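Student: This one is final.txt, compact mmCIF, C-alpha atoms.
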# COMPACT_ATOMS: atom_id res chain seq x y z
CA MET A 1 116.62 105.24 122.84
CA GLY A 2 113.12 104.56 121.63
CA PRO A 3 111.18 106.37 118.87
CA SER A 4 113.28 105.13 115.97
CA TRP A 5 112.99 101.56 117.26
CA VAL A 6 109.23 101.82 116.83
CA ALA A 7 109.80 102.91 113.23
CA GLY A 8 112.31 100.07 112.87
CA ALA A 9 109.75 97.57 114.15
CA ILE A 10 107.32 98.64 111.43
CA ALA A 11 110.08 98.54 108.80
CA ALA A 12 111.29 95.10 109.98
CA GLY A 13 107.86 93.59 109.48
CA PRO A 14 106.27 90.82 107.42
CA ALA A 15 105.87 93.06 104.35
CA THR A 16 109.60 93.74 104.22
CA MET A 17 110.32 90.08 104.94
CA ALA A 18 108.00 88.96 102.13
CA THR A 19 109.53 91.45 99.68
CA LEU A 20 113.08 90.39 100.50
CA ILE A 21 112.15 86.71 100.18
CA THR A 22 110.44 87.37 96.84
CA ALA A 23 113.45 89.37 95.60
CA GLY A 24 115.96 86.71 96.60
CA ALA A 25 113.87 83.82 95.28
CA GLY A 26 113.01 85.52 92.00
CA TYR A 27 116.19 87.41 91.09
CA GLY A 28 118.99 85.81 93.08
CA TYR A 29 121.58 88.24 94.39
CA SER A 30 121.00 90.86 91.66
CA LEU A 31 118.92 93.20 93.85
CA LEU A 32 121.33 93.31 96.80
CA TRP A 33 122.24 96.89 95.87
CA VAL A 34 118.59 97.89 96.37
CA VAL A 35 118.59 96.25 99.81
CA VAL A 36 121.71 98.18 100.86
CA LEU A 37 120.34 101.39 99.35
CA SER A 38 117.06 100.95 101.21
CA THR A 39 118.88 100.73 104.55
CA VAL A 40 120.81 103.95 103.96
CA ALA A 41 117.73 105.67 102.54
CA GLY A 42 115.62 104.55 105.49
CA ALA A 43 118.07 106.01 108.00
CA LEU A 44 118.26 109.25 106.01
CA ALA A 45 114.46 109.56 105.81
CA GLN A 46 114.17 109.10 109.58
CA TYR A 47 116.92 111.65 110.16
CA LEU A 48 115.06 114.25 108.09
CA ALA A 49 111.82 113.49 109.93
CA MET A 50 113.67 113.64 113.26
CA ARG A 51 115.10 117.08 112.46
CA LEU A 52 111.68 118.42 111.58
CA GLY A 53 110.09 117.00 114.72
CA LEU A 54 112.78 118.15 117.15
CA LEU A 55 113.34 121.60 115.66
CA THR A 56 109.63 122.43 115.54
CA GLU A 57 108.50 120.42 118.59
CA GLN A 58 105.24 119.77 116.72
CA GLY A 59 103.60 116.91 114.89
CA ILE A 60 104.18 117.02 111.15
CA VAL A 61 100.51 117.63 110.29
CA GLY A 62 100.40 120.67 112.57
CA VAL A 63 103.59 122.08 111.00
CA VAL A 64 102.22 121.55 107.48
CA GLU A 65 98.98 123.31 108.38
CA ASP A 66 100.77 126.24 110.04
CA TYR A 67 103.19 126.89 107.19
CA LEU A 68 101.38 125.59 104.09
CA GLY A 69 97.69 125.59 104.89
CA GLU A 70 94.76 123.32 105.66
CA TRP A 71 94.45 121.76 102.19
CA TRP A 72 98.03 120.51 102.32
CA ALA A 73 97.50 119.12 105.82
CA TRP A 74 94.39 117.20 104.78
CA LEU A 75 96.16 115.78 101.73
CA LEU A 76 98.94 114.49 103.97
CA VAL A 77 96.41 112.97 106.38
CA VAL A 78 94.59 111.18 103.53
CA ASP A 79 97.91 109.94 102.13
CA VAL A 80 98.97 108.54 105.51
CA VAL A 81 95.62 106.97 106.37
CA LEU A 82 95.32 105.23 102.98
CA ALA A 83 98.87 103.82 103.07
CA SER A 84 98.77 102.71 106.70
CA GLY A 85 95.16 101.51 106.52
CA VAL A 86 95.78 99.15 103.60
CA ALA A 87 98.95 97.91 105.31
CA GLN A 88 97.05 97.33 108.56
CA LEU A 89 94.47 95.08 106.88
CA VAL A 90 97.01 93.01 104.94
CA ILE A 91 99.34 92.59 107.92
CA MET A 92 96.40 91.48 110.06
CA ASN A 93 95.56 88.97 107.33
CA THR A 94 99.15 87.72 107.60
CA LEU A 95 99.04 87.38 111.38
CA ALA A 96 95.61 85.72 111.38
CA SER A 97 96.67 83.29 108.61
CA VAL A 98 99.87 82.34 110.42
CA SER A 99 98.01 81.90 113.71
CA ALA A 100 95.37 79.75 111.96
CA THR A 101 98.05 77.58 110.33
CA ILE A 102 99.81 76.98 113.64
CA THR A 103 96.71 76.30 115.74
CA GLY A 104 94.09 75.04 113.26
CA MET A 105 91.54 77.65 114.40
CA ASP A 106 89.73 79.84 111.85
CA ALA A 107 91.60 82.96 110.73
CA TRP A 108 88.67 85.29 111.50
CA VAL A 109 88.70 84.14 115.14
CA TRP A 110 92.36 85.09 115.36
CA GLY A 111 91.64 88.40 113.63
CA VAL A 112 89.14 89.35 116.32
CA ALA A 113 91.45 88.13 119.09
CA TRP A 114 94.51 90.03 117.86
CA ALA A 115 92.45 93.19 117.26
CA ALA A 116 91.23 93.01 120.87
CA VAL A 117 94.82 92.58 122.11
CA LEU A 118 95.87 95.66 120.12
CA ALA A 119 92.97 97.74 121.41
CA LEU A 120 93.45 96.77 125.06
CA GLY A 121 97.23 97.04 125.00
CA LEU A 122 97.66 100.29 123.08
CA ALA A 123 94.59 102.17 124.30
CA GLY A 124 95.22 100.95 127.84
CA ARG A 125 98.98 101.29 128.22
CA GLY A 126 99.83 103.54 125.27
CA TYR A 127 103.25 104.27 123.80
CA ASN A 128 105.48 102.95 126.60
CA LEU A 129 104.23 99.38 126.19
CA LEU A 130 104.72 99.60 122.43
CA GLU A 131 108.27 100.91 122.69
CA THR A 132 109.35 98.20 125.12
CA ALA A 133 107.83 95.43 123.02
CA THR A 134 109.40 96.68 119.80
CA LYS A 135 112.88 96.89 121.30
CA VAL A 136 112.68 93.28 122.46
CA LEU A 137 111.15 91.93 119.24
CA VAL A 138 113.45 93.78 116.83
CA ALA A 139 116.57 92.79 118.79
CA ALA A 140 115.46 89.13 118.87
CA VAL A 141 114.68 89.04 115.15
CA VAL A 142 118.02 90.62 114.24
CA LEU A 143 119.92 88.08 116.37
CA ALA A 144 117.99 85.22 114.76
CA PHE A 145 118.94 86.29 111.25
CA ILE A 146 122.58 86.85 112.20
CA ALA A 147 122.60 83.23 113.37
CA SER A 148 121.01 82.10 110.10
CA LEU A 149 123.97 83.47 108.12
CA PHE A 150 126.20 80.87 109.81
CA VAL A 151 123.92 78.06 108.61
CA VAL A 152 123.09 79.05 105.04
CA PRO A 153 125.83 78.75 102.37
CA ILE A 154 126.27 82.25 100.89
CA ASP A 155 127.92 82.71 97.46
CA LEU A 156 130.05 85.74 98.30
CA GLY A 157 131.15 86.28 94.67
CA ALA A 158 127.57 86.37 93.40
CA ALA A 159 126.56 88.57 96.30
CA ALA A 160 129.30 91.06 95.43
CA GLY A 161 127.96 91.14 91.86
CA GLY A 162 124.57 92.07 93.26
CA LEU A 163 126.01 95.34 94.55
CA VAL A 164 126.24 96.62 90.95
CA PRO A 165 123.04 98.63 90.22
CA ALA A 166 120.77 96.90 87.69
CA LEU A 167 117.03 96.20 87.48
CA PRO A 168 116.20 92.83 85.87
CA GLY A 169 113.03 92.73 83.79
CA GLY A 170 109.83 92.71 85.85
CA SER A 171 111.62 93.64 89.08
CA ALA A 172 110.23 97.19 89.44
CA LEU A 173 107.48 96.07 91.81
CA VAL A 174 109.89 94.17 94.04
CA ALA A 175 112.49 96.96 93.99
CA ALA A 176 109.81 99.49 94.93
CA GLY A 177 108.69 97.16 97.70
CA ILE A 178 112.23 96.84 99.10
CA LEU A 179 112.69 100.60 99.23
CA GLY A 180 109.13 101.03 100.51
CA GLY A 181 109.93 98.84 103.50
CA ALA A 182 112.52 101.34 104.73
CA VAL A 183 111.30 104.64 103.28
CA HIS A 184 107.59 104.67 103.94
CA ILE A 185 105.18 107.49 104.62
CA THR A 186 104.04 105.91 107.88
CA LEU A 187 107.60 105.85 109.24
CA ILE A 188 108.31 109.43 108.18
CA THR A 189 105.12 110.93 109.59
CA MET A 190 104.95 109.01 112.87
CA HIS A 191 108.44 110.03 114.03
CA SER A 192 107.55 113.54 115.16
CA TYR A 193 104.69 112.17 117.27
CA THR A 194 106.63 109.36 118.96
CA MET A 195 109.37 111.83 119.91
CA ARG A 196 106.76 114.15 121.42
CA VAL A 197 105.31 111.29 123.48
CA LYS A 198 108.86 110.43 124.57
CA GLY A 199 109.30 114.03 125.68
CA TRP A 200 112.31 114.73 123.46
CA THR A 201 113.18 118.30 122.50
CA GLU A 202 116.03 119.92 120.59
CA SER A 203 118.34 119.18 123.54
CA GLU A 204 118.08 115.44 122.70
CA TYR A 205 119.33 115.98 119.12
CA LYS A 206 122.45 113.82 119.50
CA LEU A 207 120.54 111.03 121.26
CA ALA A 208 117.84 111.09 118.56
CA THR A 209 120.52 110.83 115.86
CA PHE A 210 122.18 107.88 117.61
CA ASP A 211 118.74 106.29 118.02
CA ILE A 212 118.29 106.32 114.23
CA GLY A 213 121.74 104.95 113.53
CA ALA A 214 121.35 102.06 115.97
CA SER A 215 117.84 101.03 114.94
CA MET A 216 117.51 101.81 111.22
CA LEU A 217 121.07 101.72 109.93
CA VAL A 218 122.42 98.85 112.06
CA ALA A 219 119.51 96.69 113.27
CA PHE A 220 117.24 97.10 110.24
CA GLY A 221 120.24 96.90 107.91
CA ILE A 222 121.33 93.54 109.32
CA TYR A 223 117.72 92.30 109.22
CA SER A 224 117.30 93.22 105.54
CA VAL A 225 120.64 92.02 104.22
CA ALA A 226 120.53 88.75 106.18
CA ILE A 227 117.01 87.83 105.03
CA PHE A 228 117.84 88.69 101.43
CA LEU A 229 121.07 86.66 101.41
CA VAL A 230 119.33 83.64 102.95
CA ALA A 231 116.51 83.81 100.40
CA ALA A 232 118.85 84.33 97.44
CA SER A 233 120.98 81.37 98.55
CA VAL A 234 118.33 78.69 99.12
CA LEU A 235 115.04 79.74 97.48
CA THR A 236 114.45 79.51 93.74
CA GLN A 237 110.68 79.89 93.33
CA PRO A 238 109.51 83.52 92.84
CA SER A 239 105.88 82.93 93.93
CA LEU A 240 105.93 81.23 97.31
CA SER A 241 103.28 80.77 99.96
CA THR A 242 104.36 81.15 103.57
CA VAL A 243 104.27 77.39 104.14
CA GLU A 244 106.23 76.68 100.93
CA ALA A 245 108.91 79.17 101.96
CA ALA A 246 109.15 77.52 105.37
CA GLN A 247 109.35 74.02 103.87
CA ALA A 248 112.15 75.11 101.53
CA LEU A 249 114.27 75.84 104.59
CA GLY A 250 113.66 72.36 105.99
CA PRO A 251 116.87 70.72 104.69
CA LEU A 252 118.89 73.45 106.39
CA VAL A 253 117.31 73.71 109.82
CA GLY A 254 115.42 70.46 110.21
CA GLU A 255 111.83 69.40 110.68
CA ASN A 256 110.97 72.43 112.83
CA ALA A 257 111.71 74.85 109.97
CA ARG A 258 108.03 75.40 109.18
CA TRP A 259 107.15 76.34 112.73
CA LEU A 260 110.21 78.53 113.21
CA PHE A 261 109.49 80.40 109.98
CA LEU A 262 105.82 80.88 110.76
CA LEU A 263 106.54 82.03 114.32
CA GLY A 264 109.11 84.49 112.97
CA LEU A 265 106.68 85.84 110.39
CA GLY A 266 103.97 86.09 113.04
CA GLY A 267 106.29 87.87 115.45
CA ALA A 268 107.23 90.41 112.78
CA ALA A 269 103.52 90.95 112.11
CA VAL A 270 102.79 91.56 115.80
CA SER A 271 105.48 94.26 116.15
CA THR A 272 104.47 95.92 112.88
CA LEU A 273 100.77 95.94 113.72
CA GLY A 274 101.51 97.56 117.06
CA GLY A 275 103.48 100.39 115.47
CA ASN A 276 101.25 100.81 112.43
CA THR A 277 98.07 101.04 114.54
CA ILE A 278 99.15 104.29 116.17
CA VAL A 279 99.88 106.11 112.89
CA PRO A 280 96.35 107.02 111.64
CA PRO A 281 95.22 108.20 115.12
CA PHE A 282 98.33 110.41 115.39
CA VAL A 283 97.72 112.36 112.17
CA ILE A 284 93.92 112.52 112.50
CA ALA A 285 94.06 113.70 116.12
CA ASP A 286 96.70 116.30 115.27
CA LYS A 287 94.61 117.64 112.39
CA LEU A 288 91.53 117.89 114.62
CA GLY A 289 93.46 119.62 117.40
CA TRP A 290 93.21 116.72 119.87
CA GLY A 291 95.96 115.40 122.10
CA THR A 292 98.15 112.60 120.69
CA THR A 293 98.52 110.50 123.85
CA VAL A 294 96.10 108.21 125.70
CA ASP A 295 95.61 110.99 128.24
CA ASP A 296 93.16 112.47 125.72
CA SER A 297 90.04 110.27 125.75
CA ARG A 298 89.26 111.19 122.13
CA TYR A 299 92.64 109.99 120.94
CA ARG A 300 92.31 106.83 123.06
CA ALA A 301 88.89 106.06 121.52
CA LEU A 302 90.27 106.66 118.01
CA LEU A 303 93.22 104.37 118.71
CA ALA A 304 90.91 101.61 119.98
CA ALA A 305 88.66 101.99 116.92
CA VAL A 306 91.59 101.63 114.48
CA ALA A 307 92.81 98.56 116.37
CA LEU A 308 89.37 96.89 116.30
CA LEU A 309 88.73 97.71 112.63
CA SER A 310 91.94 95.91 111.70
CA ALA A 311 90.13 92.62 112.45
CA LEU A 312 88.51 92.99 109.01
CA GLY A 313 91.86 92.10 107.46
CA ALA A 314 91.47 88.50 108.60
CA VAL A 315 88.75 87.85 106.00
CA ILE A 316 90.86 88.93 102.99
CA GLY A 317 92.34 85.48 102.42
CA GLY A 318 94.78 84.62 99.62
CA GLN A 319 98.56 84.23 99.57
CA VAL A 320 99.95 86.76 101.98
CA LEU A 321 103.49 87.09 100.58
CA GLY A 322 102.30 88.60 97.29
CA GLN A 323 99.86 90.90 99.11
CA LEU A 324 102.61 92.16 101.42
CA VAL A 325 104.89 93.04 98.49
CA LEU A 326 102.05 94.98 96.85
CA VAL A 327 101.32 96.88 100.08
CA LEU A 328 104.87 98.20 100.30
CA ALA A 329 104.93 99.10 96.62
CA LEU A 330 101.65 101.01 97.02
CA GLY A 331 103.19 102.86 99.94
CA THR A 332 105.99 104.13 97.69
CA VAL A 333 103.39 106.06 95.67
CA GLY A 334 102.54 108.24 98.65
CA THR A 335 106.02 108.47 100.14
CA PRO A 336 107.67 111.03 97.76
CA PHE A 337 104.99 113.58 98.71
CA ALA A 338 105.81 113.20 102.41
CA ILE A 339 109.55 113.54 101.71
CA ALA A 340 108.91 116.66 99.61
CA LEU A 341 106.95 118.23 102.47
CA VAL A 342 109.71 117.46 104.99
CA VAL A 343 112.47 118.88 102.75
CA TYR A 344 110.40 122.01 102.06
CA LEU A 345 109.67 122.60 105.75
CA LEU A 346 113.31 122.05 106.74
CA ASN A 347 114.14 125.00 104.50
CA SER A 348 111.39 127.22 105.84
CA PRO A 349 111.03 129.45 108.93
CA ALA A 350 109.35 126.46 110.63
CA VAL A 351 112.69 125.14 111.93
CA SER A 352 114.86 126.86 114.51
CA ARG A 353 118.20 126.27 112.77
CA PRO A 354 119.17 126.21 109.05
CA THR A 355 119.48 122.92 107.21
CA GLY A 356 122.96 122.13 105.87
CA THR A 357 123.76 121.64 102.20
CA LEU A 358 124.68 117.96 102.65
CA THR A 359 121.37 117.23 104.40
CA ASN A 360 119.45 119.00 101.64
CA VAL A 361 121.34 117.11 98.92
CA GLY A 362 120.51 113.85 100.70
CA GLY A 363 116.85 114.83 100.96
CA VAL A 364 116.59 115.72 97.27
CA ALA A 365 118.39 112.50 96.29
CA LEU A 366 115.98 110.52 98.47
CA LEU A 367 113.06 112.29 96.81
CA LEU A 368 114.38 111.51 93.32
CA VAL A 369 115.07 107.84 94.07
CA SER A 370 111.71 107.22 95.76
CA GLY A 371 109.93 109.15 93.00
CA ALA A 372 111.64 107.14 90.26
CA LEU A 373 110.77 103.81 91.89
CA ALA A 374 107.19 104.95 92.45
CA ALA A 375 106.93 106.01 88.80
CA ASN A 376 108.34 102.65 87.65
CA PHE A 377 105.82 100.82 89.82
CA VAL A 378 102.89 102.83 88.44
CA ARG A 379 104.12 102.35 84.86
CA GLU A 380 104.43 98.59 85.39
CA GLN A 381 100.93 98.41 86.81
CA ILE A 382 99.42 100.37 83.91
CA ALA A 383 101.34 98.27 81.35
CA GLY A 384 99.32 95.25 82.46
CA GLY A 385 96.05 97.04 81.63
CA VAL A 386 94.01 99.53 83.61
CA ASN A 387 91.74 97.89 86.18
CA PRO A 388 90.09 99.36 89.28
CA LEU A 389 93.24 98.87 91.38
CA SER A 390 95.77 100.19 88.86
CA GLY A 391 93.42 103.02 87.89
CA SER A 392 93.07 104.10 91.53
CA VAL A 393 96.84 103.96 92.03
CA LEU A 394 97.37 106.04 88.88
CA ALA A 395 94.80 108.67 89.90
CA PHE A 396 96.30 109.01 93.38
CA ALA A 397 99.83 109.17 91.96
CA VAL A 398 98.80 111.95 89.55
CA LEU A 399 97.19 113.95 92.38
CA LEU A 400 100.28 113.68 94.57
CA GLY A 401 102.54 114.44 91.60
CA LEU A 402 100.63 117.65 90.90
CA ALA A 403 100.86 118.56 94.59
CA MET A 404 104.64 118.12 94.52
CA VAL A 405 104.91 120.30 91.40
CA GLY A 406 102.84 122.93 93.19
CA LEU A 407 105.14 122.69 96.23
CA LEU A 408 108.20 123.18 94.01
CA VAL A 409 106.64 126.22 92.34
CA LYS A 410 105.73 127.65 95.74
CA TYR A 411 109.28 127.20 97.02
CA ALA A 412 110.77 128.78 93.86
CA ARG A 413 108.45 131.78 94.15
CA GLU A 414 109.35 132.28 97.80
CA ARG A 415 113.07 132.16 97.08
CA PHE A 416 112.73 134.39 94.02
CA GLY A 417 110.48 136.77 95.93
CA ARG A 418 113.00 137.11 98.76
CA GLY A 419 115.73 137.76 96.21
CA SER A 420 113.63 140.41 94.45
CA THR A 421 112.79 142.13 97.74
CA ALA A 422 116.47 142.24 98.71
CA VAL A 423 117.43 143.77 95.36
CA GLU A 424 114.67 146.39 95.59
CA SER A 425 115.73 147.28 99.16
CA ALA A 426 119.35 147.66 98.08
CA SER A 427 118.29 149.92 95.23
What does this structure look like when you write it as structure tokens?

Tutor:
Amino acid sequence: MGPSWVAGAIAAGPATMATLITAGAGYGYSLLWVVVLSTVAGALAQYLAMRLGLLTEQGIVGVVEDYLGEWWAWLLVVDVVLASGVAQLVIMNTLASVSATITGMDAWVWGVAWAAVLALGLAGRGYNLLETATKVLVAAVVLAFIASLFVVPIDLGAAAGGLVPALPGGSALVAAGILGGAVHITLITMHSYTMRVKGWTESEYKLATFDIGASMLVAFGIYSVAIFLVAASVLTQPSLSTVEAAQALGPLVGENARWLFLLGLGGAAVSTLGGNTIVPPFVIADKLGWGTTVDDSRYRALLAAVALLSALGAVIGGQVLGQLVLVLALGTVGTPFAIALVVYLLNSPAVSRPTGTLTNVGGVALLLVSGALAANFVREQIAGGVNPLSGSVLAFAVLLGLAMVGLLVKYARERFGRGSTAVESAS
């Protein structure tokens, strides 16, 4: 196994942790259904991306360019770079802040240090080091949260009530963030590249499917549900700082709660930064026709540059939990476009075998759910007044929405055209 564990390491990161903590602290058990839905949706999104990668044996940007054109490929690259770039800066801010809190050293010093570690590790050792580290970290985090369920008193009746779909007032941002942790454009787009580095082809289809089930459905599912149940059971303050969240756990796990929580949050940030760093270089290198492994010096230099630029995140400052929730919600704006591209390509001559009806239904359902949550998030942001941030989000959402409409029209014309040609030939 391997590629899906890298995606799982990004999904099981500090942004998802912060969103789940915020959801549990602010809305109790009422959003448990979203947590469960996000796990299933995350596994389905990775399965669709896996099919596209294995059946084309190309990176997603290259497939888009071959079958849709250069404009569509560049739009996907911009979408990915914006979503992953913002996430990179905020997650680095999280890691630097946690490191500063633990050691007392300035956050910017830690930002530079962690950026150097990323650059040396990834540009020097490449994918194999990343895959090994993510397997160990994700497995350890999952085991830790399984153990926490035996310590925290869970209200099973209230938790069961949270499985009934409902969105409390003001929860659109958090709900979008929960889904965005599992169904994110970075996870969808990176999968074809990590499988290529792994050397997987169509012959590894069953292994690749099992890889997704073990990492996203089981490991990430346990991670998400356990964190949410712990937060819903013991936290009652919607706006928490990292230290406040850690201190709230003190009565349960003793005086070391703060350090355990901060180390856990920092560990999640390390694994997520490692996976997220490789995403922009993958899509940019593919678009420029470069190699997507460290064997290509151009890709290696690009990877090192992205890693070093992430040090800028350490100077952002502010409360990281709220920033992490916003990052995931912003990612949901760009995610429906990536899903639409994957579903379209899976029903095109790009793939070597036809896509089944059930898979297509799942893909369309995933597109509708992610689109609805993205639309709710944008509407909630605009309702508070248009400012530079909300205005930029709205403009980008409109652009991607128009692109998806264009993709739908293109697909309809192709299907209608094939039908017309068949009728004319029969006549």

Student: Can you tell me how far atom CA of A:Leu143 sits from atom CA of A:Ala226, in Å to one decimal?

Tutor: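 Separating atom CA of A:Leu143 from atom CA of A:Ala226 is a distance of 10.2 Å.
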
Student: What separation in Å, quoted to one decimal, exists between atom CA of A:Gly26 and atom CA of A:Ile227?

Tutor: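 Separation of atom CA of A:Gly26 and atom CA of A:Ile227: 13.8 Å.
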
Student: Kindly indicate which residue among A:Leu75, A:Ala12, A:Leu52, A:Ala403 lies nearest to A:Pro354, using only C-alpha atoms for the distances.

Tutor: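 That would be A:Leu52, the residue with the smallest distance to A:Pro354.
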
Student: Record the distance separating atom CA of A:Val174 and atom CA of A:Ala100, expressed in Å with one decimal.

Tutor: 27.2 Å

Student: Write out as a PyMOL selection string which residues come within 12 Å of A:Val80 when counting only C-alpha atoms, dropping same-chain ones fewer than 4 positions away.

Tutor: chain A and resi 60-61+73-76+84-88+184-190+276-284+330-338

Student: Taking 2 positions as the minimum chain separation for residues in the same chain, which residues sit within 12 Å of A:Val164 when counting all atoms listed in the file? Answer as a VMD selection string.

Tutor: chain A and resid 29 to 37 158 to 162 166 to 168
